[in-house]
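**Q** Mind having a look at this structure? Questions to follow.
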Amino acid sequence: MSKSIVVTGIGATSALGGTAPENWQNLLAGVSGTRALEHDWVAEYELPVTFAAEAVVRPETVLPRPTAKRLDPASQFALIAAMEAWEDAGAPAVAPERLGIDFATGIGGVWTLLDAWDTLREKGPRRVMPMTVPMLMPNAAAGNLSLHFGARAFARTVASACASSVESIASAYEHLQLGLADVVIAGGTESAIHPITVASFASMQALSRRNDSPETASRPFSVDRDGFVMGEGAAALILETEEHALARGAKIYGRLVGSAVTADAHHITANDPSGAGASRAVRQALEQAGRAPEEVTHINAHATSTPVGDPAEYAALLSVFGDRVHDIPVSATKASTGHLLGGTGAIESVFTILALRDRVAPPTINLVDQDPAIPLKASTSPQKLSADPQLAICNSFGFGGHNAVAAFASYDD
């Protein structure tokens, strides 16, 4: 028998704010989190892109110094978001063997790795920190969350580029359905705004180069979009069986009703332009939820603001929803947060849940001249959703051809 899985806590830290409520408030207000980078290395390496969406609250100002020192920034952000979500959920009383972690990253501890390389070259092997490997490994965030919360059911990590955290949410859904846990902390994190990643993404012409106007650089669906903006931060969801949540009197934000993961097998970086893999993920997520495409009332699109990615996603959505897709309110929130890579699907899942709770689809900022080839219903101001029960999907697609979709429903559904 399929279990009902609910969301009882959320946490987020990004360029829009240090908490989930701050992120949501600033998202609805149309704030852009993108700013010029104020680091010496921008000029030192003559980087062609000089801006990004750095997290506005630095983790070292939130975490105790001893804790921050033993964690890579990616793990720091993960801990901050997870602690917020845990408290928001009322710090569930759950046996350690029934608490699981499904937490993702796309790149992992890049700052730790490259700082250690600099230390090795400049000062020799004896100066490399003993904790270097435990800090840089991709599963560090999940492992440290397991330690912090005493989670013993499992501590698993997905690393599927920009699809990572929605894939972790999908994994959490499956683990709860299988009865492997009663509560799961799920989400994703990334802190990879580093000279090497900026240079690499710029070299492949994936980043916007609007150095003269950073705050308007990310413009999904626009006719003049020229690439994504690197973002930073983390988000976490507390997922649990409805039975467990009701037994402890938890507040419930909404339901996670289905999820799916597929692969394009097309190209290591480019989307399949037909959108075939992405459309299969959407269909499978709705099938798992037992819902029809006609029931979807909101879409949080992956929408990175790249010339090839946005049309491919539109093709996928058109394949699933037909002409009705032009009437479904669509939000492209990376325009505000930047692209959090492995953390992006988690924060967009938070936004999707809050959209259903508050009956409002957040705006897609910087959308002045919409590409006529992508005629989605994206608005530059919040779009009111009806008071009826709501069903939404959150899309994430990543390098390697990864596609991940999560389907959420309002709790009154």
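Each chain in the structure tokens gets a letter, A, B and so on, in the order shown; residues start at 1 in every chain, and ligands are counted from 1 in the order they appear.
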I'd like the contact shell of segment 10-26 of chain A - 8 Å cut-off, only C-alpha atoms, skipping same-chain residues fewer than 6 positions apart - returned as a short mmCIF file (atom, residue, chain, number, x, y, z; two decimals) with N, CA and C atoms, in the first residue's frame.

**A**
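Written out: part-v8.cif:
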data_model
loop_
_atom_site.label_atom_id
_atom_site.label_comp_id
_atom_site.auth_asym_id
_atom_site.auth_seq_id
_atom_site.Cartn_x
_atom_site.Cartn_y
_atom_site.Cartn_z
N SER A 32 16.71 40.43 -6.85
CA SER A 32 17.76 39.66 -7.51
C SER A 32 18.91 39.45 -6.53
N GLY A 33 19.37 38.21 -6.42
CA GLY A 33 20.48 37.91 -5.52
C GLY A 33 21.84 38.01 -6.19
N THR A 34 21.87 38.39 -7.45
CA THR A 34 23.13 38.43 -8.20
C THR A 34 23.84 39.76 -7.97
N ALA A 53 25.75 34.81 -7.68
CA ALA A 53 24.75 34.96 -6.63
C ALA A 53 25.25 34.25 -5.38
N GLU A 54 26.16 34.92 -4.66
CA GLU A 54 26.71 34.35 -3.43
C GLU A 54 25.68 34.41 -2.30
N ALA A 55 25.72 33.44 -1.43
CA ALA A 55 24.82 33.42 -0.28
C ALA A 55 25.01 34.67 0.55
N VAL A 56 23.91 35.30 0.92
CA VAL A 56 23.99 36.60 1.60
C VAL A 56 24.44 36.46 3.05
N VAL A 57 24.14 35.33 3.69
CA VAL A 57 24.56 35.08 5.06
C VAL A 57 25.70 34.06 5.01
N PHE A 77 26.75 25.10 4.60
CA PHE A 77 25.43 25.52 4.15
C PHE A 77 24.40 24.42 4.37
N ILE A 80 23.35 24.39 8.02
CA ILE A 80 22.50 25.55 8.35
C ILE A 80 21.07 25.32 7.88
N ALA A 81 20.91 24.88 6.62
CA ALA A 81 19.56 24.66 6.08
C ALA A 81 18.85 23.53 6.81
N ALA A 82 19.58 22.45 7.10
CA ALA A 82 18.98 21.30 7.76
C ALA A 82 18.56 21.63 9.20
N MET A 83 19.39 22.40 9.90
CA MET A 83 19.02 22.78 11.27
C MET A 83 17.76 23.64 11.27
N GLU A 84 17.64 24.55 10.30
CA GLU A 84 16.43 25.37 10.22
C GLU A 84 15.21 24.49 9.95
N ALA A 85 15.35 23.57 8.99
CA ALA A 85 14.23 22.70 8.65
C ALA A 85 13.82 21.83 9.84
N TRP A 86 14.82 21.32 10.56
CA TRP A 86 14.55 20.46 11.71
C TRP A 86 13.78 21.21 12.79
N ASP A 88 12.00 23.90 12.29
CA ASP A 88 10.71 24.25 11.71
C ASP A 88 9.73 23.08 11.82
N ALA A 89 10.26 21.86 11.75
CA ALA A 89 9.41 20.67 11.86
C ALA A 89 9.10 20.31 13.30
N GLY A 231 25.09 30.27 -8.56
CA GLY A 231 24.51 30.56 -7.26
C GLY A 231 25.16 29.71 -6.18
N GLU A 232 24.72 29.91 -4.96
CA GLU A 232 25.35 29.25 -3.81
C GLU A 232 24.33 29.11 -2.69
N GLY A 233 24.46 28.03 -1.93
CA GLY A 233 23.59 27.85 -0.77
C GLY A 233 23.09 26.43 -0.64
N ALA A 234 22.03 26.27 0.13
CA ALA A 234 21.48 24.94 0.39
C ALA A 234 20.02 25.07 0.80
N ALA A 235 19.31 23.96 0.67
CA ALA A 235 17.93 23.90 1.16
C ALA A 235 17.65 22.49 1.63
N ALA A 236 16.75 22.37 2.58
CA ALA A 236 16.42 21.07 3.17
C ALA A 236 14.93 20.95 3.41
N LEU A 237 14.43 19.74 3.25
CA LEU A 237 13.04 19.41 3.56
C LEU A 237 13.02 18.31 4.61
N ILE A 238 12.10 18.41 5.54
CA ILE A 238 11.82 17.30 6.44
C ILE A 238 10.62 16.56 5.85
N SER A 336 16.23 34.80 -9.83
CA SER A 336 16.40 35.50 -8.55
C SER A 336 17.54 34.93 -7.72
N THR A 337 17.65 33.62 -7.67
CA THR A 337 18.63 32.96 -6.78
C THR A 337 19.96 32.68 -7.44
N GLY A 338 20.02 32.75 -8.78
CA GLY A 338 21.14 32.14 -9.47
C GLY A 338 20.95 30.64 -9.48
N ILE A 347 16.07 24.06 -3.23
CA ILE A 347 15.47 25.36 -2.92
C ILE A 347 14.25 25.60 -3.79
N VAL A 350 11.40 23.90 -2.17
CA VAL A 350 10.87 24.74 -1.09
C VAL A 350 9.94 25.79 -1.66
N PHE A 351 10.36 26.43 -2.75
CA PHE A 351 9.51 27.46 -3.37
C PHE A 351 8.21 26.85 -3.90
N LEU A 354 5.85 26.24 -0.96
CA LEU A 354 5.29 27.49 -0.45
C LEU A 354 4.32 28.11 -1.44
#

**Q** Mind checking DSSP for segment 164-284 of chain A and telling me the alpha helix (DSSP H) residues as number ranges by chain?

**A** A: 164-177, 195-203, 242-247, 276-284

**Q** Near Phe154 of chain A, within 9 Å and counting only C-alpha atoms, which residues show up once chain neighbours fewer than 6 positions away are dropped, as an MDAnalysis selection string?

**A** chainID A and resid 97:102 146 180:181

**Q** I need the residues of segment 14-113 of chain A that end up classed as strand (DSSP E or B) by DSSP on the backbone, written out as an mmCIF file with C-alpha atoms, in the first residue's frame.

**A**
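What ended up in selection.cif:
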data_model
loop_
_atom_site.group_PDB
_atom_site.id
_atom_site.type_symbol
_atom_site.label_atom_id
_atom_site.label_comp_id
_atom_site.auth_asym_id
_atom_site.auth_seq_id
_atom_site.Cartn_x
_atom_site.Cartn_y
_atom_site.Cartn_z
ATOM 1 C CA SER A 14 20.962 31.480 -0.563
ATOM 2 C CA GLY A 17 18.375 35.294 2.448
ATOM 3 C CA ARG A 35 25.943 40.880 -7.426
ATOM 4 C CA ALA A 36 29.459 41.756 -8.529
ATOM 5 C CA PHE A 51 29.502 38.320 -10.830
ATOM 6 C CA ALA A 52 27.527 35.544 -9.152
ATOM 7 C CA ALA A 53 24.745 34.958 -6.631
ATOM 8 C CA LEU A 99 15.752 8.779 10.766
ATOM 9 C CA GLY A 100 17.467 8.954 7.388
ATOM 10 C CA ILE A 101 19.499 11.469 5.375
ATOM 11 C CA ASP A 102 19.219 11.913 1.595
ATOM 12 C CA PHE A 103 21.380 14.932 0.844
ATOM 13 C CA ALA A 104 22.959 15.866 -2.467
ATOM 14 C CA THR A 105 25.663 17.957 -4.027
#

**Q** So that I can check the surroundings of Leu145 of chain A, please list as a list in words every protein, DNA and RNA residue that reaches within 9 Å of it, counting only C-alpha atoms and ignoring chain neighbours fewer than 3 positions away.

**A**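 Surrounding residues, per the criterion: Ser75, Ala78, Leu79, Ala82, Ile101, Phe103, Ala140, Ala141, Ala142, His148, Phe149, Gly150, Ala151, Ala155 and Ile185 of chain A.
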
**Q** Pick out the closest residue to Glu38 of chain A from this set: A:Leu367, A:Ile193, A:Val261, A:Ala409. Count only C-alpha atoms.

**A**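 Selected residue with least distance to Glu38 of chain A: A:Ile193.
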
**Q** Show me, as a count of residues only, the residues that have an atom within 10 Å of Pro293 of chain A when counting only C-alpha atoms, minus same-chain residues fewer than 4 positions from it.

**A** 11

**Q** Between A:Asp310, A:Asp388, A:Asp413, A:Asp118, single out the one closest to Pro375 of chain A, counting only C-alpha atoms.

**A**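 Nearest to Pro375 of chain A: A:Asp310.
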
**Q** Please list as a PyMOL selection string every residue within 6 Å of segment 242-257 of chain A, counting only C-alpha atoms and excluding residues in the same chain fewer than 3 positions away.

**A** chain A and resi 4-8+289+407-411
